[in-house]
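K.L.:
After the structure tokens below, expect a handful of questions from me.
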Amino acid sequence: MTDILEQHLSPSRDAVESRVGDETVLLHLKSGTYFGLDAMGTRIWELLKEGMIPAEICARLEEEFDVERAVIEADTRNFLGDLKANDIIGNA
């Protein structure tokens with residue numbers, strides 16, 4: 001199986017978002033599942049919508065946040081895995 005950081009992912013058509021300050025709430029319309037995103041999750045979501053693959057997103061986050069690359073990659077894998085498992089995102 002391909003590492004999720006190398007996959008081309010995109011938001012589901014059934015996912016809607018609402019932005020409040022530097023946080024975002026995502027809702028899957030069919031399942032009613034929602035996620036509250038902090039500033040880091042919101043930034044990942046923004047970059048994903050721009051068409052960046054997760055590995056590129058991790059590189060950008062390393063530039064923008066004072067966090068080690070290994071931590072960014074682990075957190076991004078977990079975050080995207082949760083979104084994918086709940087059909088908020090899927091393979092493009």
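Residues in the structure tokens are numbered from 1 in each chain, the chains being A, B, ... in the order shown, and ligands are numbered from 1 in the order shown.
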Could you pull the residues within 6 Å of region 35-52 of chain A, counting only C-alpha atoms, minus those fewer than 6 positions along the same chain, as a list in words?

P.N.:
Asp22, Glu23, Thr24, Val25 and Leu26 of chain A

K.L.:
When DSSP works through the backbone of this structure, what residues of chain A end up as strand (DSSP E), shown as a PyMOL selection string?

P.N.:
chain A and resi 9-11+15-20+23-28+34-37+89-91

K.L.:
Write to file, as a JSON list (two decimals), in the first residue's frame, the residues of the selection just made, with N, CA and C atoms.

P.N.:
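part.json was written with the following content:
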```json
[["chain", "number", "residue", "atom", "x", "y", "z"],
["A", 9, "LEU", "N", -4.78, 13.19, -2.89],
["A", 9, "LEU", "CA", -6.04, 13.19, -2.16],
["A", 9, "LEU", "C", -6.82, 14.46, -2.46],
["A", 10, "SER", "N", -8.13, 14.36, -2.33],
["A", 10, "SER", "CA", -8.97, 15.55, -2.51],
["A", 10, "SER", "C", -10.18, 15.46, -1.60],
["A", 11, "PRO", "N", -10.77, 16.60, -1.27],
["A", 11, "PRO", "CA", -11.96, 16.60, -0.43],
["A", 11, "PRO", "C", -13.13, 15.89, -1.11],
["A", 15, "ALA", "N", -18.38, 16.60, 1.64],
["A", 15, "ALA", "CA", -17.80, 17.32, 2.78],
["A", 15, "ALA", "C", -17.98, 18.82, 2.60],
["A", 16, "VAL", "N", -18.45, 19.46, 3.65],
["A", 16, "VAL", "CA", -18.57, 20.91, 3.64],
["A", 16, "VAL", "C", -17.74, 21.46, 4.80],
["A", 17, "GLU", "N", -17.39, 22.72, 4.68],
["A", 17, "GLU", "CA", -16.54, 23.32, 5.71],
["A", 17, "GLU", "C", -17.11, 24.65, 6.15],
["A", 18, "SER", "N", -16.75, 25.02, 7.37],
["A", 18, "SER", "CA", -17.08, 26.33, 7.90],
["A", 18, "SER", "C", -15.86, 26.82, 8.66],
["A", 19, "ARG", "N", -15.42, 28.00, 8.32],
["A", 19, "ARG", "CA", -14.21, 28.56, 8.93],
["A", 19, "ARG", "C", -14.60, 29.54, 10.03],
["A", 20, "VAL", "N", -13.94, 29.41, 11.18],
["A", 20, "VAL", "CA", -14.13, 30.32, 12.29],
["A", 20, "VAL", "C", -12.75, 30.73, 12.79],
["A", 23, "GLU", "N", -9.60, 28.35, 12.74],
["A", 23, "GLU", "CA", -10.06, 26.96, 12.87],
["A", 23, "GLU", "C", -11.14, 26.68, 11.84],
["A", 24, "THR", "N", -11.34, 25.40, 11.55],
["A", 24, "THR", "CA", -12.31, 24.97, 10.55],
["A", 24, "THR", "C", -13.10, 23.79, 11.09],
["A", 25, "VAL", "N", -14.39, 23.74, 10.75],
["A", 25, "VAL", "CA", -15.22, 22.59, 11.06],
["A", 25, "VAL", "C", -15.57, 21.93, 9.73],
["A", 26, "LEU", "N", -15.31, 20.62, 9.63],
["A", 26, "LEU", "CA", -15.66, 19.84, 8.45],
["A", 26, "LEU", "C", -16.84, 18.95, 8.78],
["A", 27, "LEU", "N", -17.79, 18.83, 7.86],
["A", 27, "LEU", "CA", -18.96, 17.99, 8.06],
["A", 27, "LEU", "C", -19.17, 17.12, 6.83],
["A", 28, "HIS", "N", -19.32, 15.81, 7.05],
["A", 28, "HIS", "CA", -19.67, 14.89, 5.96],
["A", 28, "HIS", "C", -21.19, 14.83, 5.94],
["A", 34, "TYR", "N", -18.42, 14.95, 11.85],
["A", 34, "TYR", "CA", -17.74, 16.22, 11.72],
["A", 34, "TYR", "C", -16.40, 16.21, 12.44],
["A", 35, "PHE", "N", -15.52, 17.06, 11.98],
["A", 35, "PHE", "CA", -14.20, 17.22, 12.56],
["A", 35, "PHE", "C", -13.97, 18.70, 12.84],
["A", 36, "GLY", "N", -13.45, 19.00, 14.01],
["A", 36, "GLY", "CA", -13.01, 20.35, 14.32],
["A", 36, "GLY", "C", -11.51, 20.41, 14.12],
["A", 37, "LEU", "N", -11.07, 21.31, 13.27],
["A", 37, "LEU", "CA", -9.66, 21.42, 12.93],
["A", 37, "LEU", "C", -9.03, 22.62, 13.63],
["A", 89, "ILE", "N", -12.11, 12.87, 2.85],
["A", 89, "ILE", "CA", -11.22, 12.96, 1.70],
["A", 89, "ILE", "C", -11.15, 11.59, 1.04],
["A", 90, "GLY", "N", -10.70, 11.59, -0.20],
["A", 90, "GLY", "CA", -10.49, 10.33, -0.92],
["A", 90, "GLY", "C", -9.40, 10.53, -1.96],
["A", 91, "ASN", "N", -9.05, 9.46, -2.62],
["A", 91, "ASN", "CA", -8.01, 9.54, -3.66],
["A", 91, "ASN", "C", -8.54, 10.33, -4.84]]
```

K.L.:
Would you pick out the contacts of Asp87 (chain A) at 10 Å or less, using only C-alpha atoms, so that residues sharing its chain but fewer than 4 positions from it are not included, and give the list as a list in words?

P.N.:
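Here the answer would be Pro11, Ser12, Arg13, Asp14, Ala15, His28, Lys30, Ser31, Thr33, Gly81, Asp82 and Leu83 of chain A.
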
K.L.:
Return as number ranges by chain the full set of residues in chain A whose backbone-based DSSP assignment is helix (DSSP H, G or I).

P.N.:
A: 4-6, 39-49, 54-64, 69-85

K.L.:
Using the selection just defined, write its residues with N, CA and C atoms as a short mmCIF file (atom, residue, chain, number, x, y, z; two decimals), in the first residue's frame.

P.N.:
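Writing done, so here's out_12.cif:
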```cif
data_model
loop_
_atom_site.label_atom_id
_atom_site.label_comp_id
_atom_site.auth_asym_id
_atom_site.auth_seq_id
_atom_site.Cartn_x
_atom_site.Cartn_y
_atom_site.Cartn_z
N ILE A 4 0.35 7.22 2.66
CA ILE A 4 -0.66 8.28 2.46
C ILE A 4 -0.01 9.62 2.13
N LEU A 5 1.24 9.81 2.54
CA LEU A 5 1.93 11.06 2.22
C LEU A 5 2.25 11.19 0.74
N GLU A 6 2.21 10.08 0.00
CA GLU A 6 2.50 10.09 -1.43
C GLU A 6 1.24 10.00 -2.29
N ALA A 39 -5.48 25.12 14.05
CA ALA A 39 -4.75 25.89 13.04
C ALA A 39 -3.94 25.00 12.10
N MET A 40 -3.27 23.98 12.65
CA MET A 40 -2.46 23.08 11.82
C MET A 40 -3.35 22.26 10.89
N GLY A 41 -4.43 21.69 11.42
CA GLY A 41 -5.35 20.92 10.59
C GLY A 41 -5.98 21.78 9.51
N THR A 42 -6.32 23.02 9.86
CA THR A 42 -6.88 23.94 8.88
C THR A 42 -5.88 24.21 7.76
N ARG A 43 -4.63 24.38 8.12
CA ARG A 43 -3.60 24.64 7.09
C ARG A 43 -3.43 23.43 6.18
N ILE A 44 -3.43 22.22 6.75
CA ILE A 44 -3.35 21.00 5.94
C ILE A 44 -4.53 20.95 4.97
N TRP A 45 -5.72 21.23 5.48
CA TRP A 45 -6.94 21.22 4.66
C TRP A 45 -6.83 22.23 3.51
N GLU A 46 -6.36 23.44 3.80
CA GLU A 46 -6.20 24.47 2.77
C GLU A 46 -5.25 24.00 1.67
N LEU A 47 -4.11 23.46 2.08
CA LEU A 47 -3.11 23.03 1.10
C LEU A 47 -3.58 21.82 0.31
N LEU A 48 -4.34 20.94 0.94
CA LEU A 48 -4.92 19.80 0.24
C LEU A 48 -5.88 20.28 -0.84
N LYS A 49 -6.68 21.28 -0.51
CA LYS A 49 -7.63 21.83 -1.49
C LYS A 49 -6.92 22.51 -2.64
N PRO A 54 0.29 15.22 0.17
CA PRO A 54 0.67 15.34 1.57
C PRO A 54 2.17 15.52 1.83
N ALA A 55 3.03 14.90 1.05
CA ALA A 55 4.47 15.09 1.25
C ALA A 55 4.86 16.55 1.02
N GLU A 56 4.26 17.18 0.03
CA GLU A 56 4.50 18.60 -0.22
C GLU A 56 3.94 19.45 0.91
N ILE A 57 2.79 19.04 1.42
CA ILE A 57 2.17 19.75 2.54
C ILE A 57 3.10 19.70 3.76
N CYS A 58 3.68 18.54 4.03
CA CYS A 58 4.60 18.41 5.17
C CYS A 58 5.79 19.34 5.02
N ALA A 59 6.32 19.45 3.82
CA ALA A 59 7.46 20.35 3.58
C ALA A 59 7.05 21.79 3.84
N ARG A 60 5.87 22.16 3.40
CA ARG A 60 5.38 23.53 3.62
C ARG A 60 5.17 23.79 5.11
N LEU A 61 4.58 22.82 5.82
CA LEU A 61 4.33 22.98 7.26
C LEU A 61 5.64 23.14 8.03
N GLU A 62 6.67 22.42 7.58
CA GLU A 62 7.97 22.53 8.24
C GLU A 62 8.51 23.95 8.11
N GLU A 63 8.23 24.60 6.98
CA GLU A 63 8.66 25.98 6.78
C GLU A 63 7.84 26.96 7.62
N GLU A 64 6.56 26.67 7.79
CA GLU A 64 5.64 27.61 8.43
C GLU A 64 5.53 27.46 9.95
N ARG A 69 10.21 17.77 11.39
CA ARG A 69 9.62 17.11 10.22
C ARG A 69 9.01 15.75 10.58
N ALA A 70 9.68 14.95 11.41
CA ALA A 70 9.15 13.63 11.77
C ALA A 70 7.82 13.74 12.50
N VAL A 71 7.67 14.75 13.33
CA VAL A 71 6.42 14.97 14.06
C VAL A 71 5.32 15.41 13.09
N ILE A 72 5.67 16.32 12.19
CA ILE A 72 4.71 16.78 11.17
C ILE A 72 4.22 15.60 10.34
N GLU A 73 5.14 14.76 9.88
CA GLU A 73 4.75 13.62 9.04
C GLU A 73 3.86 12.64 9.80
N ALA A 74 4.21 12.33 11.04
CA ALA A 74 3.40 11.39 11.83
C ALA A 74 2.00 11.96 12.08
N ASP A 75 1.94 13.22 12.47
CA ASP A 75 0.65 13.86 12.73
C ASP A 75 -0.19 13.97 11.46
N THR A 76 0.45 14.29 10.34
CA THR A 76 -0.26 14.41 9.07
C THR A 76 -0.80 13.06 8.63
N ARG A 77 -0.01 12.00 8.78
CA ARG A 77 -0.48 10.65 8.44
C ARG A 77 -1.74 10.30 9.26
N ASN A 78 -1.68 10.54 10.56
CA ASN A 78 -2.82 10.23 11.42
C ASN A 78 -4.05 11.06 11.05
N PHE A 79 -3.85 12.34 10.87
CA PHE A 79 -4.94 13.25 10.54
C PHE A 79 -5.60 12.86 9.21
N LEU A 80 -4.80 12.69 8.17
CA LEU A 80 -5.35 12.33 6.87
C LEU A 80 -5.97 10.94 6.89
N GLY A 81 -5.37 10.03 7.65
CA GLY A 81 -5.95 8.69 7.79
C GLY A 81 -7.34 8.75 8.39
N ASP A 82 -7.53 9.59 9.41
CA ASP A 82 -8.84 9.76 10.03
C ASP A 82 -9.84 10.37 9.04
N LEU A 83 -9.42 11.40 8.31
CA LEU A 83 -10.30 12.02 7.34
C LEU A 83 -10.68 11.03 6.24
N LYS A 84 -9.72 10.24 5.79
CA LYS A 84 -9.99 9.28 4.73
C LYS A 84 -10.92 8.17 5.22
N ALA A 85 -10.70 7.68 6.44
CA ALA A 85 -11.54 6.63 7.01
C ALA A 85 -12.99 7.08 7.17
#
```
